[in-house]
$ cat data_9.tsv   # TSV, C-alpha atoms and all ligand atoms
chain	number	residue	atom	x	y	z
Y	279	MET	CA	44.01	-3.73	-12.54
Y	280	LEU	CA	41.69	-6.70	-13.22
Y	281	PRO	CA	38.11	-5.95	-14.39
Y	282	PRO	CA	35.39	-6.78	-11.78
Y	283	PHE	CA	34.38	-10.47	-11.88
Y	284	SER	CA	30.82	-11.11	-13.07
Y	285	VAL	CA	29.21	-14.58	-12.82
Y	286	GLU	CA	26.79	-13.60	-15.59
Y	287	LYS	CA	29.53	-12.57	-18.01
Y	288	SER	CA	31.79	-15.52	-17.21
Y	289	LEU	CA	28.92	-17.95	-17.89
Y	290	GLY	CA	27.86	-15.97	-20.95
Y	291	LEU	CA	24.35	-15.28	-19.53
Y	292	PRO	CA	22.46	-12.12	-20.46
Y	293	THR	CA	22.43	-9.78	-17.44
Y	294	ALA	CA	18.92	-8.45	-18.10
Y	295	TRP	CA	17.54	-11.99	-18.17
Y	296	LEU	CA	19.30	-12.87	-14.91
Y	297	ALA	CA	18.08	-9.67	-13.23
Y	298	SER	CA	14.52	-10.51	-14.23
Y	299	LEU	CA	14.93	-14.11	-12.97
Y	300	ARG	CA	16.31	-12.82	-9.66
Y	301	ARG	CA	13.33	-10.43	-9.28
Y	302	SER	CA	10.87	-13.16	-10.08
Y	303	LEU	CA	12.44	-15.54	-7.52
Y	304	ARG	CA	12.48	-12.82	-4.85
Y	305	ARG	CA	8.76	-12.22	-5.49
Y	306	ARG	CA	7.73	-15.87	-5.69
Y	307	LEU	CA	9.83	-17.21	-2.82
Y	308	LEU	CA	10.28	-14.24	-0.50
Y	309	GLY	CA	7.19	-12.10	-1.22
Y	310	ARG	CA	9.34	-9.13	-2.21
Y	311	GLY	CA	7.95	-6.46	-4.54
Y	312	LYS	CA	9.14	-4.63	-7.62
Y	313	PRO	CA	9.77	-0.95	-6.87
Y	314	ARG	CA	9.55	1.62	-9.65
Y	315	PRO	CA	11.40	4.92	-9.66
Y	316	VAL	CA	9.43	8.05	-8.84
Y	317	ALA	CA	9.98	9.33	-12.41
Y	318	THR	CA	8.15	6.27	-13.78
Y	319	TRP	CA	5.17	6.78	-11.47
Y	320	ASP	CA	5.08	10.50	-12.30
Y	321	ALA	CA	5.19	9.84	-16.04
Y	322	GLN	CA	2.41	7.25	-15.72
Y	323	TYR	CA	0.19	9.56	-13.69
Y	324	HIS	CA	0.93	12.37	-16.11
Y	325	ALA	CA	-0.06	10.20	-19.07
Y	326	GLY	CA	-3.30	9.16	-17.33
Y	327	ALA	CA	-2.22	5.50	-17.07
Y	328	TRP	CA	-3.80	5.22	-13.60
Y	329	ASP	CA	-6.96	7.23	-14.29
Y	330	GLY	CA	-8.96	3.98	-14.45
Y	331	ILE	CA	-8.40	3.49	-10.71
Y	332	ALA	CA	-11.06	6.12	-10.01
Y	333	ALA	CA	-13.61	3.72	-11.55
Y	334	GLU	CA	-12.71	0.92	-9.11
Y	335	THR	CA	-15.40	2.29	-6.84
Y	336	GLU	CA	-16.50	-1.13	-5.56
Y	337	ARG	CA	-13.02	-1.73	-4.14
Y	338	HIS	CA	-12.65	1.72	-2.58
Y	339	ALA	CA	-16.21	1.51	-1.19
Y	340	CYS	CA	-15.35	-1.85	0.39
Y	341	ILE	CA	-12.22	-0.42	2.06
Y	342	ALA	CA	-14.22	2.57	3.31
Y	343	SER	CA	-16.95	0.32	4.71
Y	344	LEU	CA	-14.38	-1.82	6.58
Y	345	VAL	CA	-12.86	1.33	8.07
Y	346	ARG	CA	-16.33	2.48	9.16
Y	347	ARG	CA	-17.06	-0.93	10.64
Y	348	PHE	CA	-13.86	-1.32	12.66
Y	349	ALA	CA	-12.59	2.20	13.42
Y	350	PRO	CA	-14.03	4.62	15.96
Y	351	VAL	CA	-16.23	7.48	14.73
Y	352	ARG	CA	-14.22	10.34	13.21
Y	353	PRO	CA	-11.21	8.07	12.66
Y	354	PHE	CA	-7.70	9.01	11.67
Y	355	VAL	CA	-7.14	7.19	8.36
Y	356	LEU	CA	-3.68	6.87	6.82
Y	357	ASP	CA	-3.72	5.94	3.12
Y	358	VAL	CA	-0.28	4.63	2.17
Y	359	GLY	CA	0.33	4.77	-1.60
Y	360	CYS	CA	-2.83	6.85	-1.93
Y	361	GLY	CA	-2.40	7.65	-5.64
Y	362	HIS	CA	-4.51	10.59	-6.79
Y	363	GLY	CA	-6.95	10.24	-3.92
Y	364	ALA	CA	-9.64	7.72	-4.95
Y	365	LEU	CA	-10.10	6.44	-1.39
Y	366	ALA	CA	-10.10	9.99	0.01
Y	367	ARG	CA	-12.99	10.79	-2.35
Y	368	GLU	CA	-14.86	7.71	-1.11
Y	369	MET	CA	-14.32	8.59	2.55
Y	370	ARG	CA	-15.14	12.28	2.21
Y	371	ALA	CA	-18.74	11.71	3.28
Y	372	ASP	CA	-17.49	10.77	6.77
Y	373	ALA	CA	-17.21	14.28	8.10
Y	374	GLY	CA	-15.07	15.04	11.10
Y	375	GLY	CA	-12.31	12.47	10.69
Y	376	ARG	CA	-8.69	13.03	9.71
Y	377	TYR	CA	-7.17	11.62	6.53
Y	378	VAL	CA	-3.50	11.62	5.49
Y	379	GLY	CA	-2.46	10.32	2.06
Y	380	LEU	CA	1.16	9.41	1.27
Y	381	ASP	CA	2.51	8.59	-2.17
Y	382	ILE	CA	5.87	8.48	-3.91
Y	383	SER	CA	4.47	10.25	-6.99
Y	384	THR	CA	4.56	14.03	-6.78
Y	385	GLU	CA	2.17	14.14	-9.74
Y	386	ALA	CA	-0.41	11.91	-7.98
Y	387	ILE	CA	-0.07	13.98	-4.79
Y	388	ARG	CA	-0.44	17.23	-6.74
Y	389	ARG	CA	-3.69	15.98	-8.29
Y	390	ALA	CA	-5.02	14.63	-4.98
Y	391	GLY	CA	-4.16	17.89	-3.24
Y	392	GLU	CA	-6.22	19.93	-5.72
Y	393	GLU	CA	-9.37	18.29	-4.37
Y	394	ALA	CA	-8.40	18.17	-0.68
Y	395	VAL	CA	-11.02	19.29	1.82
Y	396	PRO	CA	-10.38	20.35	5.45
Y	397	GLY	CA	-9.13	17.41	7.49
Y	398	GLU	CA	-7.25	15.89	4.51
Y	399	THR	CA	-3.56	16.29	3.67
Y	400	PHE	CA	-1.43	14.64	0.97
Y	401	HIS	CA	2.35	14.21	1.10
Y	402	ALA	CA	4.88	13.03	-1.47
Y	403	LEU	CA	7.37	10.56	0.01
Y	404	ASP	CA	8.80	7.08	-0.37
Y	405	VAL	CA	7.06	5.00	2.30
Y	406	GLU	CA	9.82	2.35	2.33
Y	407	ALA	CA	11.69	4.78	4.60
Y	408	GLY	CA	8.88	4.43	7.17
Y	409	PRO	CA	6.25	6.86	8.42
Y	410	PRO	CA	6.99	10.59	8.26
Y	411	ALA	CA	7.98	12.23	11.56
Y	412	PHE	CA	4.72	14.21	11.80
Y	413	LEU	CA	2.77	10.96	12.40
Y	414	SER	CA	2.86	10.33	16.13
Y	415	HIS	CA	3.09	6.82	17.49
Y	416	GLY	CA	-0.29	5.43	18.54
Y	417	SER	CA	-2.28	7.97	16.50
Y	418	VAL	CA	-3.64	6.17	13.40
Y	419	ASP	CA	-6.90	4.21	13.59
Y	420	ALA	CA	-6.67	2.60	10.12
Y	421	ALA	CA	-3.55	2.38	7.94
Y	422	VAL	CA	-4.59	1.37	4.42
Y	423	PHE	CA	-2.09	-0.26	2.03
Y	424	SER	CA	-4.27	-0.63	-1.06
Y	425	GLU	CA	-2.63	-2.11	-4.17
Y	426	VAL	CA	0.77	-0.94	-3.04
Y	427	LEU	CA	2.55	-3.77	-1.21
Y	428	TYR	CA	3.84	-5.40	-4.40
Y	429	TYR	CA	5.58	-2.17	-5.43
Y	430	LEU	CA	7.69	-2.15	-2.26
Y	431	ASP	CA	11.07	-3.86	-2.25
Y	432	ASP	CA	10.44	-5.33	1.21
Y	433	PRO	CA	6.74	-4.95	2.05
Y	434	LEU	CA	6.93	-6.75	5.40
Y	435	ALA	CA	9.80	-4.54	6.60
Y	436	THR	CA	7.84	-1.42	5.57
Y	437	LEU	CA	4.77	-2.62	7.46
Y	438	ARG	CA	6.90	-3.23	10.57
Y	439	ARG	CA	8.07	0.40	10.32
Y	440	PHE	CA	4.46	1.64	10.16
Y	441	ALA	CA	3.05	-0.60	12.94
Y	442	PRO	CA	4.04	1.80	15.79
Y	443	VAL	CA	1.80	4.57	14.43
Y	444	LEU	CA	-1.32	2.42	14.93
Y	445	SER	CA	-3.51	3.43	17.83
Y	446	ARG	CA	-4.70	0.99	20.49
Y	447	ARG	CA	-7.18	-1.17	18.51
Y	448	GLY	CA	-5.82	0.40	15.32
Y	449	PHE	CA	-5.45	-1.85	12.27
Y	450	PHE	CA	-4.07	-2.26	8.77
Y	451	VAL	CA	-6.25	-2.72	5.69
Y	452	PHE	CA	-4.53	-4.59	2.86
Y	453	SER	CA	-5.96	-4.77	-0.66
Y	454	LEU	CA	-4.34	-7.28	-3.03
Y	455	TRP	CA	-5.18	-7.71	-6.70
Y	456	LYS	CA	-5.13	-11.31	-7.98
Y	457	PRO	CA	-4.16	-12.65	-4.54
Y	458	SER	CA	-3.30	-16.10	-5.91
Y	459	ARG	CA	-0.32	-14.48	-7.67
Y	460	HIS	CA	1.10	-13.25	-4.37
Y	461	ARG	CA	1.33	-16.46	-2.34
Y	462	ALA	CA	4.71	-15.71	-0.73
Y	463	LEU	CA	3.61	-12.21	0.26
Y	464	ARG	CA	0.39	-13.60	1.74
Y	465	ARG	CA	2.36	-16.29	3.63
Y	466	GLY	CA	4.55	-13.53	5.10
Y	467	LEU	CA	1.50	-11.46	6.02
Y	468	SER	CA	-0.18	-14.38	7.76
Y	469	ARG	CA	3.04	-15.15	9.68
Y	470	GLU	CA	3.14	-11.61	11.09
Y	471	TYR	CA	-0.53	-10.52	11.19
Y	472	ASP	CA	-3.82	-11.79	12.53
Y	473	GLU	CA	-6.71	-11.27	10.16
Y	474	SER	CA	-9.88	-9.86	11.75
Y	475	CYS	CA	-11.91	-9.98	8.56
Y	476	SER	CA	-11.49	-10.36	4.81
Y	477	VAL	CA	-13.69	-9.65	1.81
Y	478	GLU	CA	-13.41	-10.71	-1.85
Y	479	VAL	CA	-14.33	-7.95	-4.29
Y	480	GLY	CA	-15.02	-8.47	-7.98
Y	481	LEU	CA	-15.44	-11.71	-9.88
Y	482	GLY	CA	-13.23	-14.70	-9.04
Y	483	ASP	CA	-9.69	-13.97	-7.98
Y	484	THR	CA	-9.90	-10.17	-8.40
Y	485	TRP	CA	-9.25	-8.34	-5.11
Y	486	ARG	CA	-8.91	-9.49	-1.54
Y	487	ILE	CA	-9.29	-6.87	1.13
Y	488	SER	CA	-8.39	-7.73	4.70
Y	489	VAL	CA	-8.32	-6.07	8.09
Y	490	CYS	CA	-5.23	-7.17	10.02
Y	491	VAL	CA	-3.32	-6.45	13.21
Y	492	PRO	CA	0.24	-7.39	14.16
Y	493	ARG	CA	0.37	-10.84	15.82
Y	494	GLY	CA	-0.43	-10.75	19.52
Y	495	VAL	CA	-2.01	-7.30	19.45
Y	496	ALA	CA	-5.69	-6.97	20.41
Y	497	GLY	CA	-7.72	-6.64	17.21
Y	498	PRO	CA	-10.27	-3.97	16.36
Y	499	VAL	CA	-13.80	-4.35	17.65
Y	500	PRO	CA	-16.56	-3.79	15.06
Y	501	VAL	CA	-18.61	-0.66	15.88
P	601	LIG	C1	-1.76	0.78	-8.04
P	601	LIG	S1	-1.57	2.35	-7.31
P	601	LIG	C2	-2.77	2.22	-5.98
P	601	LIG	C3	-3.39	3.55	-5.63
P	601	LIG	C4	-4.44	3.52	-4.52
P	601	LIG	N1	-3.88	3.07	-3.25
P	601	LIG	C5	-5.63	2.66	-4.88
P	601	LIG	O1	-5.82	1.63	-4.26
P	601	LIG	O2	-6.37	3.03	-5.77
P	601	LIG	C6	-0.05	2.14	-6.42
P	601	LIG	C7	0.39	3.44	-5.78
P	601	LIG	O3	1.50	3.19	-4.92
P	601	LIG	C8	2.39	4.27	-5.02
P	601	LIG	N2	3.73	3.82	-4.56
P	601	LIG	C9	4.50	2.87	-5.13
P	601	LIG	N3	5.67	2.74	-4.46
P	601	LIG	C10	5.62	3.63	-3.44
P	601	LIG	C11	6.53	3.98	-2.41
P	601	LIG	N4	7.72	3.38	-2.28
P	601	LIG	N5	6.17	4.95	-1.53
P	601	LIG	C12	4.95	5.57	-1.66
P	601	LIG	N6	4.06	5.28	-2.62
P	601	LIG	C13	4.39	4.32	-3.49
P	601	LIG	C14	2.35	4.64	-6.49
P	601	LIG	O4	2.81	5.94	-6.78
P	601	LIG	C15	0.87	4.47	-6.79
P	601	LIG	O5	0.16	5.67	-6.60
$ encode --input "data_9.tsv" --output "structure tokens"
Amino acid sequence: MLPPFSVEKSLGLPTAWLASLRRSLRRRLLGRGKPRPVATWDAQYHAGAWDGIAAETERHACIASLVRRFAPVRPFVLDVGCGHGALAREMRADAGGRYVGLDISTEAIRRAGEEAVPGETFHALDVEAGPPAFLSHGSVDAAVFSEVLYYLDDPLATLRRFAPVLSRRGFFVFSLWKPSRHRALRRGLSREYDESCSVEVGLGDTWRISVCVPRGVAGPVPV
């Protein structure tokens, strides 16, 4: 039997280099992300590599204030890629709402769950598969994707899977770090979403936080 044909090998190109080039082109041209295995996230959370996120209070406060401005009182907030619960902590003052955090890392979810208060639940799952079955269609007032889109293989496809859970006047909140590095992703987002509002947080090109709804859907009304 003949060995499988490989363009890389026949041209004498290093496979790792080609894989990295392919990933970079997918990101730059198509806005695709770079997923990491759950074991990597767990090891990083375990080692405290993401502990600094808790200090990004300005960013989490900005997301919380946009949710307060555009969602009804006592909103249902879905935090997709919630990490160890920094946004939940920020939103805890808003008594009476419902908060669901989803994250691929069981370690992040374990830590977030230790602090959970009534009305909050945290679930470990890969969001690329779409929303979990317990989230009813039309139920979520604000679905936050904060610093997570670039870790998804196909962020736009994942967002399309989550769009049905938004309530009437429900909306997405996207937070992007160094937005100028994610031009293709932003082009894709603006093709499919209308932006109701956006805020720059931090100095220069640090974070861009935007409130968006799928094209053609009535946007949220500030309260
Ligand atoms: C940079 S952290 C952001 C955490 C938090 N949203 C924040 O803004 O502080 C990215 C998070 O996305 C999660 N994540 C990455 N890929 C994911 C996936 N496919 N499904 C669910 N969560 C994912 C990671 O485990 C990590 O907690």
$ residues_near_ligand --input "data_9.tsv" --ligand "ligand LIG 601 (chain P)" --cutoff "8 Å" --atoms "only C-alpha atoms and all ligand atoms" --output "PyMOL selection string"
chain Y and resi 313-314+316+319-320+328+331-332+334+337-338+357-365+380-383+386+402-406+422-427+429-431+453
$ residues_around --input "data_9.tsv" --residues "Ala441 in chain Y" --least-positions-apart "4" --cutoff "9 Å" --atoms "all atoms listed in the file" --output "PDB file with C-alpha atoms, keeping the file's coordinate frame"
ATOM      1  CA  HIS Y 415       3.090   6.820  17.490  1.00  0.00           C
ATOM      2  CA  GLY Y 416      -0.290   5.430  18.540  1.00  0.00           C
ATOM      3  CA  ALA Y 421      -3.550   2.380   7.940  1.00  0.00           C
ATOM      4  CA  THR Y 436       7.840  -1.420   5.570  1.00  0.00           C
ATOM      5  CA  LEU Y 437       4.770  -2.620   7.460  1.00  0.00           C
ATOM      6  CA  PHE Y 449      -5.450  -1.850  12.270  1.00  0.00           C
ATOM      7  CA  PHE Y 450      -4.070  -2.260   8.770  1.00  0.00           C
ATOM      8  CA  VAL Y 491      -3.320  -6.450  13.210  1.00  0.00           C
ATOM      9  CA  PRO Y 492       0.240  -7.390  14.160  1.00  0.00           C
TER      10      PRO Y 492
END
$ axis_aligned_box --input "data_9.tsv" --around "range 332-348 of chain Y" --padding-each-side "4 Å" --output "lines of an AutoDock Vina configuration file"
center_x = -14.1
center_y = 2.1
center_z = 0.6
size_x = 14.0
size_y = 16.0
size_z = 32.2
$ atom_distance --input "data_9.tsv" --atom1 "CA of Arg376 in chain Y" --atom2 "CA of Val489 in chain Y"
19.2 Å
$ residues_around --input "data_9.tsv" --residues "Ala420 in chain Y" --least-positions-apart "3" --cutoff "7 Å" --atoms "only C-alpha atoms" --output "count of residues only"
9
$ residues_around --input "data_9.tsv" --residues "Arg464 in chain Y" --least-positions-apart "4" --cutoff "12 Å" --atoms "only C-alpha atoms" --output "PyMOL selection string"
chain Y and resi 305-310+427-428+433-434+452-460+468-473+486-488+490
$ atom_distance --input "data_9.tsv" --atom1 "CA of Val378 in chain Y" --atom2 "CA of Ser474 in chain Y"
23.3 Å
$ atom_distance --input "data_9.tsv" --atom1 "CA of Gly379 in chain Y" --atom2 "CA of Glu398 in chain Y"
7.7 Å
$ closest_residue --input "data_9.tsv" --among "Y:Thr293, Y:Ile341, Y:Asp329, Y:Val351" --to "Glu478 in chain Y" --atoms "all atoms listed in the file"
Y:Ile341
$ closest_residue --input "data_9.tsv" --among "Y:Gly397, Y:Gly330, Y:Gly494, Y:Pro350" --to "Ala373 in chain Y" --atoms "all atoms listed in the file"
Y:Gly397
$ residues_around --input "data_9.tsv" --residues "Arg439 in chain Y" --least-positions-apart "4" --cutoff "9 Å" --atoms "all atoms listed in the file" --output "PyMOL selection string"
chain Y and resi 406-409+434-435+443
$ write_last_selection --input "data_9.tsv" --atoms "C-alpha atoms" --output "CSV table (one decimal), keeping the file's coordinate frame"
chain,number,residue,atom,x,y,z
Y,406,GLU,CA,9.8,2.4,2.3
Y,407,ALA,CA,11.7,4.8,4.6
Y,408,GLY,CA,8.9,4.4,7.2
Y,409,PRO,CA,6.2,6.9,8.4
Y,434,LEU,CA,6.9,-6.8,5.4
Y,435,ALA,CA,9.8,-4.5,6.6
Y,443,VAL,CA,1.8,4.6,14.4
$ closest_residue --input "data_9.tsv" --among "Y:Trp295, Y:Phe348, Y:Phe400, Y:Tyr377" --to "Val418 in chain Y" --atoms "only C-alpha atoms"
Y:Tyr377
$ residues_around --input "data_9.tsv" --residues "Arg346 in chain Y" --least-positions-apart "5" --cutoff "10 Å" --atoms "all atoms listed in the file" --output "number ranges by chain"
Y: 340-341, 351-353, 369, 372, 420, 500-501
$ decode --input "data_9.tsv" --residues "range 301-403 of chain Y" --atoms "C-alpha atoms" --output "compact mmCIF listing (two decimals), in the first residue's frame"
# COMPACT_ATOMS: atom_id res chain seq x y z
CA ARG Y 301 -4.14 29.16 11.35
CA SER Y 302 -2.85 32.67 10.87
CA LEU Y 303 -4.49 32.96 7.42
CA ARG Y 304 -7.79 31.60 8.75
CA ARG Y 305 -7.69 34.24 11.51
CA ARG Y 306 -6.59 37.15 9.33
CA LEU Y 307 -8.76 36.44 6.29
CA LEU Y 308 -11.77 34.58 7.69
CA GLY Y 309 -11.96 35.82 11.29
CA ARG Y 310 -11.63 32.29 12.65
CA GLY Y 311 -10.28 31.70 16.16
CA LYS Y 312 -7.73 29.43 17.76
CA PRO Y 313 -9.41 26.87 20.04
CA ARG Y 314 -7.48 25.36 22.93
CA PRO Y 315 -8.21 21.96 24.43
CA VAL Y 316 -10.05 21.85 27.74
CA ALA Y 317 -6.94 20.37 29.41
CA THR Y 318 -4.95 23.50 28.47
CA TRP Y 319 -7.58 25.84 29.92
CA ASP Y 320 -7.83 23.71 33.08
CA ALA Y 321 -4.06 23.68 33.55
CA GLN Y 322 -3.91 27.46 33.04
CA TYR Y 323 -6.70 28.13 35.53
CA HIS Y 324 -5.09 25.72 37.95
CA ALA Y 325 -1.75 27.52 37.66
CA GLY Y 326 -3.43 30.90 38.22
CA ALA Y 327 -2.56 32.13 34.70
CA TRP Y 328 -5.95 33.87 34.41
CA ASP Y 329 -6.15 35.25 37.96
CA GLY Y 330 -5.28 38.73 36.63
CA ILE Y 331 -8.67 38.87 34.88
CA ALA Y 332 -10.32 39.60 38.23
CA ALA Y 333 -8.42 42.92 38.25
CA GLU Y 334 -9.89 43.99 34.89
CA THR Y 335 -12.70 45.60 36.85
CA GLU Y 336 -13.07 48.55 34.47
CA ARG Y 337 -13.94 46.17 31.63
CA HIS Y 338 -16.35 44.04 33.65
CA ALA Y 339 -17.96 47.19 35.12
CA CYS Y 340 -18.46 48.54 31.59
CA ILE Y 341 -20.16 45.31 30.45
CA ALA Y 342 -22.37 45.34 33.55
CA SER Y 343 -23.34 48.97 32.97
CA LEU Y 344 -24.29 48.25 29.34
CA VAL Y 345 -26.44 45.34 30.48
CA ARG Y 346 -28.13 47.61 33.04
CA ARG Y 347 -28.67 50.27 30.41
CA PHE Y 348 -30.20 48.06 27.73
CA ALA Y 349 -31.77 45.08 29.51
CA PRO Y 350 -35.02 45.09 31.49
CA VAL Y 351 -34.84 45.16 35.30
CA ARG Y 352 -33.98 41.75 36.79
CA PRO Y 353 -32.55 40.54 33.48
CA PHE Y 354 -31.53 37.05 32.48
CA VAL Y 355 -27.81 37.35 31.68
CA LEU Y 356 -25.93 34.57 29.91
CA ASP Y 357 -22.13 34.82 30.24
CA VAL Y 358 -20.54 32.67 27.54
CA GLY Y 359 -16.92 31.78 28.35
CA CYS Y 360 -17.47 33.15 31.85
CA GLY Y 361 -14.10 32.03 33.26
CA HIS Y 362 -14.02 31.97 37.06
CA GLY Y 363 -16.90 34.41 37.38
CA ALA Y 364 -15.46 37.96 37.24
CA LEU Y 365 -18.56 39.36 35.52
CA ALA Y 366 -20.88 37.46 37.87
CA ARG Y 367 -19.12 39.16 40.79
CA GLU Y 368 -19.62 42.55 39.14
CA MET Y 369 -23.31 41.92 38.47
CA ARG Y 370 -24.09 40.46 41.89
CA ALA Y 371 -25.30 43.82 43.21
CA ASP Y 372 -28.25 43.63 40.78
CA ALA Y 373 -30.47 41.51 42.97
CA GLY Y 374 -33.36 39.58 41.50
CA GLY Y 375 -31.99 38.76 38.05
CA ARG Y 376 -30.86 35.40 36.70
CA TYR Y 377 -27.30 34.69 35.64
CA VAL Y 378 -25.95 31.60 33.84
CA GLY Y 379 -22.22 31.20 33.21
CA LEU Y 380 -20.87 28.70 30.67
CA ASP Y 381 -17.23 27.77 30.23
CA ILE Y 382 -15.22 24.93 28.72
CA SER Y 383 -12.90 24.81 31.74
CA THR Y 384 -14.13 22.60 34.56
CA GLU Y 385 -11.56 24.24 36.83
CA ALA Y 386 -12.87 27.77 36.08
CA ILE Y 387 -16.45 26.58 36.60
CA ARG Y 388 -15.52 24.86 39.87
CA ARG Y 389 -14.00 28.10 41.18
CA ALA Y 390 -16.91 30.24 39.97
CA GLY Y 391 -19.41 27.82 41.51
CA GLU Y 392 -17.80 28.13 44.96
CA GLU Y 393 -18.93 31.76 45.10
CA ALA Y 394 -22.32 31.35 43.43
CA VAL Y 395 -25.28 33.07 45.08
CA PRO Y 396 -28.98 32.25 44.53
CA GLY Y 397 -29.99 33.07 40.97
CA GLU Y 398 -26.55 32.15 39.56
CA THR Y 399 -25.51 28.84 38.00
CA PHE Y 400 -22.27 27.81 36.27
CA HIS Y 401 -21.93 24.98 33.75
CA ALA Y 402 -18.90 23.36 32.12
CA LEU Y 403 -19.40 22.86 28.38
